[in-house]
file final-v4.csv (CSV, C-alpha atoms)
chain,number,residue,atom,x,y,z
A,1,MET,CA,2.4,67.0,2.6
A,2,THR,CA,-1.1,67.4,4.1
A,3,GLN,CA,-2.9,70.6,5.0
A,4,SER,CA,-2.9,71.1,8.7
A,5,THR,CA,-6.0,72.1,10.6
A,6,PRO,CA,-5.5,75.2,12.8
A,7,SER,CA,-5.2,74.0,16.3
A,8,SER,CA,-4.6,77.3,18.0
A,9,GLN,CA,-5.7,80.9,17.8
A,10,ASP,CA,-2.5,82.1,19.4
A,11,LEU,CA,-1.0,85.1,17.6
A,12,SER,CA,1.6,86.1,20.2
A,13,PHE,CA,5.3,86.7,19.9
A,14,GLU,CA,7.7,85.0,22.3
A,15,LEU,CA,11.1,86.8,22.9
A,16,GLY,CA,14.3,84.7,23.0
A,17,THR,CA,18.0,85.7,23.0
A,18,ARG,CA,19.0,89.4,22.7
A,19,LEU,CA,22.2,90.7,21.2
A,20,SER,CA,24.6,92.3,23.7
A,21,GLY,CA,25.0,96.0,24.2
A,22,ALA,CA,22.6,98.6,22.9
A,23,ARG,CA,21.7,96.6,19.7
A,24,GLN,CA,18.1,95.8,19.0
A,25,GLY,CA,18.6,92.3,17.5
A,26,ARG,CA,16.9,89.3,19.1
A,27,THR,CA,15.6,85.8,18.5
A,28,GLY,CA,12.0,84.8,19.1
A,29,VAL,CA,9.0,82.8,18.0
A,30,ILE,CA,5.9,84.1,16.1
A,31,HIS,CA,2.9,81.9,17.0
A,32,THR,CA,0.2,81.5,14.3
A,33,PRO,CA,-2.8,79.2,13.8
A,34,HIS,CA,-0.9,77.3,11.2
A,35,GLY,CA,2.4,76.8,13.1
A,36,ASP,CA,5.3,78.7,14.7
A,37,ILE,CA,8.0,80.8,13.0
A,38,ALA,CA,11.4,80.8,14.7
A,39,THR,CA,12.9,84.2,14.2
A,40,PRO,CA,14.9,85.7,12.6
A,41,ALA,CA,13.5,84.0,9.5
A,42,PHE,CA,13.6,84.5,5.7
A,43,ILE,CA,10.1,84.3,4.1
A,44,PRO,CA,10.1,83.2,0.4
A,45,VAL,CA,7.7,85.1,-1.8
A,46,ALA,CA,4.9,83.2,-3.5
A,47,THR,CA,3.5,86.2,-5.5
A,48,LYS,CA,0.5,84.5,-7.1
A,49,ALA,CA,0.2,81.8,-4.5
A,50,THR,CA,3.2,80.0,-5.9
A,51,VAL,CA,6.9,80.3,-5.4
A,52,LYS,CA,7.9,80.4,-9.1
A,53,THR,CA,9.2,77.1,-10.5
A,54,LEU,CA,8.8,75.2,-7.2
A,55,THR,CA,6.2,72.9,-5.7
A,56,PRO,CA,5.2,73.6,-2.1
A,57,GLU,CA,7.0,70.4,-1.1
A,58,GLN,CA,10.2,71.7,-2.7
A,59,VAL,CA,9.8,75.0,-0.8
A,60,ALA,CA,9.3,73.1,2.4
A,61,ALA,CA,12.4,71.1,1.7
A,62,THR,CA,14.5,74.3,1.8
A,63,GLY,CA,13.6,74.8,5.4
A,64,ALA,CA,11.2,77.7,4.8
A,65,GLN,CA,8.8,78.2,7.7
A,66,ALA,CA,6.3,80.5,6.0
A,67,ILE,CA,5.6,82.0,2.6
A,68,LEU,CA,4.1,85.4,1.5
A,69,ALA,CA,1.6,86.0,-1.3
A,70,ASN,CA,0.6,89.3,-2.9
A,71,ALA,CA,-2.9,90.6,-2.4
A,72,TYR,CA,-2.8,92.7,-5.6
A,73,HIS,CA,-2.1,89.8,-7.9
A,74,LEU,CA,-4.5,87.4,-6.2
A,75,TYR,CA,-7.2,90.0,-6.3
A,76,LEU,CA,-6.8,90.3,-10.1
A,77,GLN,CA,-6.5,86.6,-10.6
A,78,PRO,CA,-8.2,84.3,-9.7
A,79,GLY,CA,-10.1,86.6,-7.3
A,80,PRO,CA,-10.3,86.6,-3.5
A,81,ASP,CA,-13.7,85.0,-3.5
A,82,ILE,CA,-12.4,81.9,-5.2
A,83,VAL,CA,-9.5,81.7,-2.7
A,84,ASP,CA,-11.9,82.2,0.2
A,85,GLU,CA,-14.1,79.4,-1.1
A,86,ALA,CA,-11.0,77.1,-1.3
A,87,GLY,CA,-10.3,77.7,2.4
A,88,GLY,CA,-7.7,80.5,2.2
A,89,TRP,CA,-4.6,80.8,0.0
A,90,GLY,CA,-2.5,78.4,2.1
A,91,ARG,CA,-5.0,75.6,1.5
A,92,PHE,CA,-5.6,76.7,-2.1
A,93,ALA,CA,-1.8,76.4,-2.7
A,94,HIS,CA,-1.3,73.2,-0.7
A,95,TRP,CA,0.9,74.9,1.8
A,96,PRO,CA,0.2,73.8,5.4
A,97,GLY,CA,2.3,76.2,7.3
A,98,PRO,CA,2.1,79.9,8.2
A,99,THR,CA,1.2,82.4,5.5
A,100,TYR,CA,1.6,86.2,4.9
A,101,THR,CA,-0.1,88.5,2.5
A,102,ASP,CA,1.0,92.1,1.8
A,103,SER,CA,-1.6,94.7,1.4
A,104,GLY,CA,-1.4,95.2,-2.3
A,105,GLY,CA,-0.1,98.8,-1.8
A,106,PHE,CA,3.4,98.0,-3.0
A,107,GLN,CA,2.2,96.8,-6.4
A,108,VAL,CA,-0.6,99.4,-6.8
A,109,MET,CA,2.0,102.1,-6.3
A,110,SER,CA,5.2,100.6,-7.9
A,111,LEU,CA,3.5,99.2,-10.9
A,112,GLY,CA,1.5,102.4,-11.3
A,113,VAL,CA,4.1,105.1,-10.7
A,114,GLY,CA,6.8,103.8,-12.9
A,115,PHE,CA,9.7,103.9,-10.5
A,116,LYS,CA,11.5,101.0,-8.9
A,117,LYS,CA,10.5,101.0,-5.2
A,118,VAL,CA,13.3,98.9,-3.8
A,119,LEU,CA,16.0,99.1,-1.2
A,120,ALA,CA,19.2,100.6,-2.5
A,121,MET,CA,17.2,102.8,-4.9
A,122,ASP,CA,19.4,104.9,-7.1
A,123,THR,CA,17.7,108.2,-8.0
A,124,SER,CA,20.6,109.7,-9.9
A,125,GLN,CA,19.5,107.9,-13.1
A,126,TYR,CA,16.2,109.9,-13.3
A,127,SER,CA,16.1,113.4,-14.6
A,128,PRO,CA,13.4,115.9,-13.5
A,129,GLU,CA,11.8,115.4,-16.9
A,130,ASP,CA,11.8,111.6,-16.4
A,131,ILE,CA,10.0,112.0,-13.1
A,132,GLN,CA,7.4,114.4,-14.4
A,133,ALA,CA,6.7,112.2,-17.5
A,134,ALA,CA,6.2,109.1,-15.3
A,135,ARG,CA,3.9,111.0,-13.0
A,136,ARG,CA,1.7,112.1,-15.9
A,137,GLU,CA,1.5,108.6,-17.3
A,138,ARG,CA,1.3,106.5,-14.2
A,139,LEU,CA,-1.4,104.0,-13.8
A,140,ALA,CA,-2.1,104.8,-10.1
A,141,GLN,CA,-3.7,107.9,-8.7
A,142,VAL,CA,-3.8,108.5,-4.9
A,143,ASP,CA,-6.4,110.5,-3.1
A,144,GLU,CA,-7.5,110.7,0.6
A,145,ASP,CA,-9.9,107.7,0.3
A,146,GLY,CA,-7.7,105.3,-1.6
A,147,VAL,CA,-6.0,104.6,-4.9
A,148,ASP,CA,-7.4,104.2,-8.4
A,149,PHE,CA,-5.3,102.0,-10.6
A,150,ARG,CA,-5.3,99.9,-13.8
A,151,SER,CA,-4.7,96.2,-14.0
A,152,VAL,CA,-1.4,95.1,-15.3
A,153,ILE,CA,-3.2,92.2,-16.9
A,154,ASP,CA,-5.8,93.9,-19.1
A,155,GLY,CA,-5.7,97.6,-18.2
A,156,SER,CA,-9.1,97.5,-16.5
A,157,LYS,CA,-9.9,100.1,-13.8
A,158,HIS,CA,-9.9,99.2,-10.1
A,159,ARG,CA,-9.8,100.9,-6.8
A,160,PHE,CA,-8.2,100.0,-3.5
A,161,THR,CA,-9.1,101.6,-0.2
A,162,PRO,CA,-8.0,100.5,3.3
A,163,GLU,CA,-11.4,98.7,3.7
A,164,VAL,CA,-11.0,96.9,0.3
A,165,SER,CA,-7.5,95.8,1.2
A,166,MET,CA,-8.8,94.3,4.5
A,167,GLN,CA,-11.7,92.6,2.7
A,168,ILE,CA,-9.4,91.0,0.2
A,169,GLN,CA,-6.8,89.9,2.8
A,170,HIS,CA,-9.5,88.4,5.0
A,171,GLN,CA,-10.7,86.4,2.1
A,172,LEU,CA,-7.2,85.3,1.2
A,173,GLY,CA,-7.0,84.0,4.8
A,174,ALA,CA,-3.3,84.6,5.6
A,175,ASP,CA,-2.1,84.3,9.2
A,176,ILE,CA,-0.3,87.6,9.0
A,177,MET,CA,-1.4,90.6,6.8
A,178,PHE,CA,-0.5,94.2,6.5
A,179,ALA,CA,-2.3,97.5,6.7
A,180,PHE,CA,-2.8,99.4,3.4
A,181,ASP,CA,-0.2,102.1,3.1
A,182,GLU,CA,1.0,104.6,0.6
A,183,LEU,CA,4.4,103.7,-0.7
A,184,THR,CA,6.5,106.7,-1.7
A,185,THR,CA,9.7,106.9,-3.6
A,186,LEU,CA,13.0,108.7,-2.9
A,187,VAL,CA,12.2,111.2,-5.6
A,188,ASP,CA,9.2,112.5,-3.8
A,189,THR,CA,9.6,115.8,-1.9
A,190,ARG,CA,9.9,116.2,1.8
A,191,ALA,CA,6.5,117.9,1.9
A,192,TYR,CA,4.9,115.0,0.0
A,193,GLN,CA,6.6,112.5,2.4
A,194,GLU,CA,5.1,114.3,5.3
A,195,ALA,CA,1.6,114.3,3.8
A,196,SER,CA,2.0,110.6,2.9
A,197,VAL,CA,2.9,109.6,6.5
A,198,GLU,CA,-0.2,111.4,7.7
A,199,ARG,CA,-2.4,109.7,5.1
A,200,THR,CA,-1.0,106.3,5.9
A,201,HIS,CA,-1.8,106.9,9.5
A,202,ARG,CA,-5.4,107.7,8.7
A,203,TRP,CA,-5.6,104.6,6.5
A,204,ALA,CA,-4.1,102.5,9.3
A,205,ARG,CA,-7.0,103.5,11.6
A,206,ARG,CA,-9.5,102.5,8.9
A,207,CYS,CA,-7.7,99.2,8.5
A,208,LEU,CA,-8.0,98.4,12.2
A,209,LEU,CA,-11.7,99.2,12.3
A,210,GLU,CA,-12.4,97.1,9.2
A,211,HIS,CA,-10.2,94.3,10.4
A,212,ASP,CA,-12.2,94.2,13.7
A,213,ARG,CA,-15.5,94.2,11.9
A,214,LEU,CA,-14.5,91.4,9.5
A,215,THR,CA,-13.0,89.3,12.3
A,216,ARG,CA,-16.4,89.4,14.1
A,217,GLN,CA,-18.3,88.9,10.9
A,218,ARG,CA,-16.2,85.9,9.9
A,219,GLU,CA,-16.3,84.2,13.3
A,220,GLY,CA,-15.1,80.6,13.1
A,221,LYS,CA,-12.3,81.3,10.7
A,222,PRO,CA,-8.7,81.1,11.9
A,223,LEU,CA,-7.7,84.4,13.5
A,224,GLN,CA,-5.5,86.7,11.4
A,225,SER,CA,-2.9,89.1,12.7
A,226,LEU,CA,-2.9,92.7,11.2
A,227,TRP,CA,0.5,94.4,11.2
A,228,GLY,CA,0.9,98.2,10.8
A,229,VAL,CA,3.4,99.5,8.2
A,230,VAL,CA,6.0,102.2,9.0
A,231,GLN,CA,6.8,104.6,6.3
A,232,GLY,CA,8.7,107.9,6.3
A,233,ALA,CA,11.5,107.4,3.7
A,234,GLN,CA,14.9,108.4,5.0
A,235,PHE,CA,13.8,111.0,7.4
A,236,GLU,CA,14.3,110.1,11.1
A,237,ASP,CA,11.6,112.4,12.4
A,238,LEU,CA,9.0,111.0,10.0
A,239,ARG,CA,10.0,107.4,10.7
A,240,ARG,CA,9.7,107.9,14.5
A,241,LYS,CA,6.5,109.9,14.0
A,242,ALA,CA,5.0,107.1,11.9
A,243,VAL,CA,5.8,104.5,14.6
A,244,ARG,CA,4.3,106.6,17.4
A,245,GLY,CA,1.2,107.2,15.4
A,246,LEU,CA,0.7,103.5,14.9
A,247,LEU,CA,1.2,102.8,18.6
A,248,GLU,CA,-1.4,105.4,19.4
A,249,LEU,CA,-3.9,103.7,17.1
A,250,ASP,CA,-3.0,100.4,18.7
A,251,ALA,CA,-3.6,101.7,22.2
A,252,GLU,CA,-6.9,103.3,21.1
A,253,ALA,CA,-8.1,100.0,19.6
A,254,ARG,CA,-7.2,98.0,22.6
A,255,SER,CA,-8.8,100.5,25.0
A,256,GLU,CA,-12.1,100.1,23.1
A,257,GLY,CA,-11.9,96.3,23.2
A,258,ARG,CA,-10.9,95.9,19.6
A,259,ARG,CA,-7.8,94.1,18.3
A,260,GLY,CA,-4.7,96.2,17.7
A,261,PHE,CA,-1.6,95.5,15.6
A,262,GLY,CA,-0.1,92.1,16.1
A,263,GLY,CA,3.2,93.3,14.7
A,264,PHE,CA,4.7,95.9,12.4
A,265,GLY,CA,6.2,96.1,8.9
A,266,ILE,CA,9.0,98.4,7.9
A,267,GLY,CA,8.4,99.6,4.4
A,268,GLY,CA,9.3,102.3,1.9
A,269,ALA,CA,12.2,102.8,-0.5
A,270,LEU,CA,15.6,103.7,1.1
A,271,GLU,CA,19.2,103.8,0.2
A,272,LYS,CA,21.2,100.7,1.0
A,273,GLU,CA,23.8,102.6,3.1
A,274,ASN,CA,21.0,103.9,5.4
A,275,LEU,CA,19.2,100.5,5.9
A,276,GLY,CA,20.6,99.7,9.4
A,277,THR,CA,20.2,103.2,10.7
A,278,ILE,CA,16.6,103.4,9.6
A,279,VAL,CA,15.7,100.0,10.9
A,280,GLY,CA,17.3,101.0,14.2
A,281,TRP,CA,15.3,104.2,14.4
A,282,VAL,CA,12.1,102.3,13.9
A,283,CYS,CA,12.9,99.5,16.3
A,284,GLU,CA,13.9,101.9,19.1
A,285,GLU,CA,10.3,103.1,19.0
A,286,LEU,CA,8.6,99.8,18.6
A,287,PRO,CA,7.5,97.6,21.6
A,288,GLU,CA,9.7,94.6,22.2
A,289,GLU,CA,6.8,92.2,22.5
A,290,ARG,CA,5.7,92.6,18.9
A,291,PRO,CA,7.4,91.2,15.8
A,292,ARG,CA,8.9,93.3,13.0
A,293,HIS,CA,9.0,92.5,9.3
A,294,LEU,CA,11.3,94.2,6.9
A,295,LEU,CA,9.8,94.2,3.4
A,296,GLY,CA,12.0,93.4,0.4
A,297,ILE,CA,15.6,92.6,1.3
A,298,SER,CA,17.8,89.6,0.7
A,299,GLU,CA,21.5,90.6,0.2
A,300,PRO,CA,23.5,89.0,3.0
A,301,ASP,CA,25.0,92.2,4.3
A,302,ASP,CA,21.6,93.7,4.5
A,303,LEU,CA,20.2,90.7,6.4
A,304,PHE,CA,23.0,91.0,9.0
A,305,LEU,CA,22.4,94.7,9.4
A,306,ALA,CA,18.7,94.4,9.6
A,307,ILE,CA,18.8,91.6,12.2
A,308,GLU,CA,21.3,93.5,14.3
A,309,ASN,CA,19.1,96.5,14.4
A,310,GLY,CA,15.9,94.6,15.4
A,311,ALA,CA,14.1,93.2,12.3
A,312,ASP,CA,12.7,89.7,12.8
A,313,THR,CA,11.4,88.5,9.4
A,314,PHE,CA,12.2,89.4,5.8
A,315,ASP,CA,10.8,88.7,2.3
A,316,CYS,CA,12.3,89.3,-1.1
A,317,VAL,CA,11.8,88.0,-4.7
A,318,ALA,CA,15.5,88.3,-5.4
A,319,PRO,CA,16.5,84.6,-4.7
A,320,THR,CA,13.8,83.3,-7.1
A,321,ARG,CA,14.2,86.0,-9.7
A,322,LEU,CA,18.0,85.6,-9.7
A,323,GLY,CA,17.6,81.8,-10.0
A,324,ARG,CA,15.4,82.0,-13.0
A,325,ARG,CA,18.2,83.9,-14.8
A,326,GLY,CA,20.9,81.5,-13.8
A,327,GLY,CA,22.3,83.4,-10.8
A,328,VAL,CA,23.2,81.4,-7.7
A,329,TYR,CA,24.4,82.2,-4.2
A,330,THR,CA,27.6,80.5,-3.0
A,331,LEU,CA,29.7,80.9,0.1
A,332,ASP,CA,32.2,82.8,-2.1
A,333,GLY,CA,29.6,85.2,-3.5
A,334,ARG,CA,27.2,85.2,-6.4
A,335,MET,CA,27.9,83.7,-9.8
A,336,ASN,CA,25.9,83.2,-13.0
A,337,LEU,CA,25.9,79.7,-14.4
A,338,ARG,CA,25.2,81.0,-17.9
A,339,ALA,CA,28.9,82.0,-18.2
A,340,ALA,CA,31.0,80.0,-20.6
A,341,ARG,CA,33.5,79.0,-17.9
A,342,PHE,CA,30.9,76.6,-16.4
A,343,ARG,CA,30.5,74.6,-19.6
A,344,ARG,CA,32.9,71.8,-18.4
A,345,ASP,CA,32.7,72.5,-14.7
A,346,PHE,CA,31.4,69.2,-13.2
A,347,ARG,CA,31.4,70.3,-9.6
A,348,GLY,CA,28.3,71.0,-7.7
A,349,VAL,CA,27.0,74.5,-7.4
A,350,ASP,CA,28.6,74.9,-4.0
A,351,GLU,CA,29.8,71.6,-2.7
A,352,GLU,CA,30.9,73.0,0.7
A,353,PHE,CA,27.4,74.5,1.2
A,354,GLY,CA,25.8,71.3,0.1
A,355,GLY,CA,22.1,70.8,-0.2
A,356,TYR,CA,20.0,68.8,-2.7
A,357,VAL,CA,21.0,70.7,-5.8
A,358,SER,CA,24.8,70.9,-5.1
A,359,GLU,CA,24.8,67.2,-4.2
A,360,ASN,CA,23.0,66.0,-7.3
A,361,TYR,CA,23.6,68.4,-10.2
A,362,SER,CA,26.7,69.9,-11.7
A,363,ARG,CA,27.4,73.4,-12.8
A,364,ALA,CA,27.9,72.1,-16.3
A,365,TYR,CA,24.5,70.4,-16.4
A,366,ILE,CA,22.7,73.6,-15.1
A,367,HIS,CA,24.7,75.7,-17.6
A,368,HIS,CA,23.5,73.3,-20.4
A,369,LEU,CA,19.9,73.7,-19.2
A,370,LEU,CA,20.2,77.4,-19.2
A,371,LYS,CA,21.6,77.6,-22.7
A,372,ALA,CA,18.9,75.2,-23.9
A,373,LYS,CA,16.2,77.3,-22.2
A,374,GLU,CA,14.9,74.3,-20.2
A,375,TYR,CA,12.6,75.1,-17.3
A,376,LEU,CA,14.4,72.8,-15.0
A,377,ALA,CA,17.3,75.3,-14.9
A,378,GLY,CA,15.1,77.8,-13.1
A,379,THR,CA,13.8,75.2,-10.7
A,380,LEU,CA,17.3,74.0,-9.7
A,381,CYS,CA,18.8,77.5,-9.3
A,382,THR,CA,15.8,78.7,-7.4
A,383,LEU,CA,15.7,75.7,-5.1
A,384,HIS,CA,19.4,76.2,-4.4
A,385,ASN,CA,19.0,80.0,-3.7
A,386,LEU,CA,16.1,79.6,-1.4
A,387,GLN,CA,17.9,76.9,0.6
A,388,PHE,CA,21.0,79.1,0.8
A,389,MET,CA,19.0,82.2,2.0
A,390,VAL,CA,16.8,80.3,4.5
A,391,ARG,CA,19.9,78.4,5.9
A,392,LEU,CA,21.9,81.7,6.2
A,393,VAL,CA,19.2,83.3,8.3
A,394,ASP,CA,18.8,80.0,10.3
A,395,ASN,CA,22.6,80.1,10.9
A,396,ILE,CA,22.4,83.7,12.1
A,397,ARG,CA,19.7,82.8,14.5
A,398,ALA,CA,21.8,79.9,15.8
A,399,ALA,CA,24.8,82.2,16.2
A,400,MET,CA,22.8,84.7,18.1
A,401,GLU,CA,21.6,82.0,20.5
A,402,ALA,CA,25.1,80.8,21.0
A,403,GLY,CA,26.5,84.3,21.5
A,404,ASP,CA,28.6,84.1,18.3
A,405,PHE,CA,26.7,86.6,16.1
A,406,ASP,CA,29.6,89.0,15.6
A,407,ALA,CA,32.1,86.2,14.8
A,408,TYR,CA,29.7,84.5,12.3
A,409,ARG,CA,29.0,87.8,10.6
A,410,GLU,CA,32.7,88.6,10.2
A,411,GLU,CA,33.4,85.1,8.9
A,412,PHE,CA,30.5,84.9,6.5
A,413,LEU,CA,30.7,88.4,5.0
A,414,GLY,CA,34.4,88.4,4.8
A,415,ARG,CA,34.3,85.4,2.6
A,416,TYR,CA,31.1,86.2,0.6
A,417,TYR,CA,32.4,89.7,-0.4
A,418,ALA,CA,36.1,88.8,-0.6
A,419,GLY,CA,36.1,89.2,-4.4
A,420,ARG,CA,34.7,92.7,-4.4

call {"tool": "encode", "arguments": {"input": "final-v4.csv", "output": "structure tokens"}}
result
Amino acid sequence: MTQSTPSSQDLSFELGTRLSGARQGRTGVIHTPHGDIATPAFIPVATKATVKTLTPEQVAATGAQAILANAYHLYLQPGPDIVDEAGGWGRFAHWPGPTYTDSGGFQVMSLGVGFKKVLAMDTSQYSPEDIQAARRERLAQVDEDGVDFRSVIDGSKHRFTPEVSMQIQHQLGADIMFAFDELTTLVDTRAYQEASVERTHRWARRCLLEHDRLTRQREGKPLQSLWGVVQGAQFEDLRRKAVRGLLELDAEARSEGRRGFGGFGIGGALEKENLGTIVGWVCEELPEERPRHLLGISEPDDLFLAIENGADTFDCVAPTRLGRRGGVYTLDGRMNLRAARFRRDFRGVDEEFGGYVSENYSRAYIHHLLKAKEYLAGTLCTLHNLQFMVRLVDNIRAAMEAGDFDAYREEFLGRYYAGR
């Protein structure tokens, strides 16, 4: 695989098929300097400029169209200046296609506050004492200007501001990057959520200004698309207010001859049962001609819900993390190949689904690798999981284009969750 040379500065979004009725779901194409992304699309996570256990060629073989790296981790190691000197993180990592970077805000907050900031967050496990203790000991402190935090590598002190995040992401060189935002948790009060949405709005304005300055300063580099991030937890009024505020900033920037937001990210912790509703609120407010990325989901029912309600792309570490632990997706649900029942099971992982791993390796062999703690186990399970997830979303897109979305959802989910 050879690194492609950017042939276009097109950062537009092309709308395709729409779901029937009042639903927000649609297909489309995101254009980037390094290629197009047909949507809906699942975007594998390459946290430190690598999808764990896989080569870029193996990732490409899954059908993945783009990958996402983390600004926080690449800032700490090897450093954005080194990545910039290499020609951007795609070239550095030998990935020729479209790339994303997140702002670093998720890791700064989630690693620093001590609470899992994921979809389907369960707050019942935390007592008031747990929450207060974590807040006292957290490694990240938020103020109006930015966030002070300590490195997870060596405990050294660092500071991210909207401007710093933009500078890092410009050096990383991704086609699509996100504005620096404050990620709250479901244990934060309504008053804090309100203040946070306002602060994220002010940070988004600073990101737009710095993004414009850096784009002009770095003339000759491939253009990068900055996407605003919608927060607001599980409050409808805050979610809608956050979107409207971003759209005001976008209009302000464009009226002054600056670049606005190329798309929007939907962030923040929320409870699983409210996912579709919240995505729907946000997408009702967003303009149709801009793409929308939902940060951090991968369960099949969540994907169908998010797509139906208007999300276009998704990223999540779950398929790779699960794979490294022996967990695999199949058409009949998830299973863990560490289990003793697979010791003499010489079938492929999922012979009906097929794919490279299922066609060439048995469940018994992968079970052996897992028990022997061989690295190849993680590679094979991860490769299977990514192909499964990428193909699932590709199949959803094909079903939408054929007018069969509802039938495909009923068929797939009915089988996948039949054992529950």

call {"tool": "closest_residue", "arguments": {"input": "final-v4.csv", "among": "A:Gln65, A:Gln24, A:Thr55, A:Gln224", "to": "Gly260 of chain A", "atoms": "all atoms listed in the file"}}
result
A:Gln224

call {"tool": "closest_residue", "arguments": {"input": "final-v4.csv", "among": "A:Ala60, A:Leu74, A:Met335, A:Val349", "to": "His94 of chain A", "atoms": "all atoms listed in the file"}}
result
A:Ala60

call {"tool": "atom_distance", "arguments": {"input": "final-v4.csv", "atom1": "atom CA of Gln141 of chain A", "atom2": "atom CA of Gln193 of chain A"}}
result
15.8 Å

call {"tool": "residues_around", "arguments": {"input": "final-v4.csv", "residues": "Thr379 of chain A", "least_positions_apart": "3", "cutoff": "12 Å", "atoms": "only C-alpha atoms", "output": "PyMOL selection string"}}
result
chain A and resi 51-55+58-59+319-328+356-357+361+366+369-370+373-376+382-386

call {"tool": "atom_distance", "arguments": {"input": "final-v4.csv", "atom1": "atom CA of Gly245 of chain A", "atom2": "atom CA of Thr161 of chain A"}}
result
19.5 Å

call {"tool": "residues_around", "arguments": {"input": "final-v4.csv", "residues": "Glu411 of chain A", "least_positions_apart": "6", "cutoff": "12 Å", "atoms": "only C-alpha atoms", "output": "NGL selection string"}}
result
:A and (301 or 304 or 331-332 or 396 or 399 or 404-405 or 417-418)
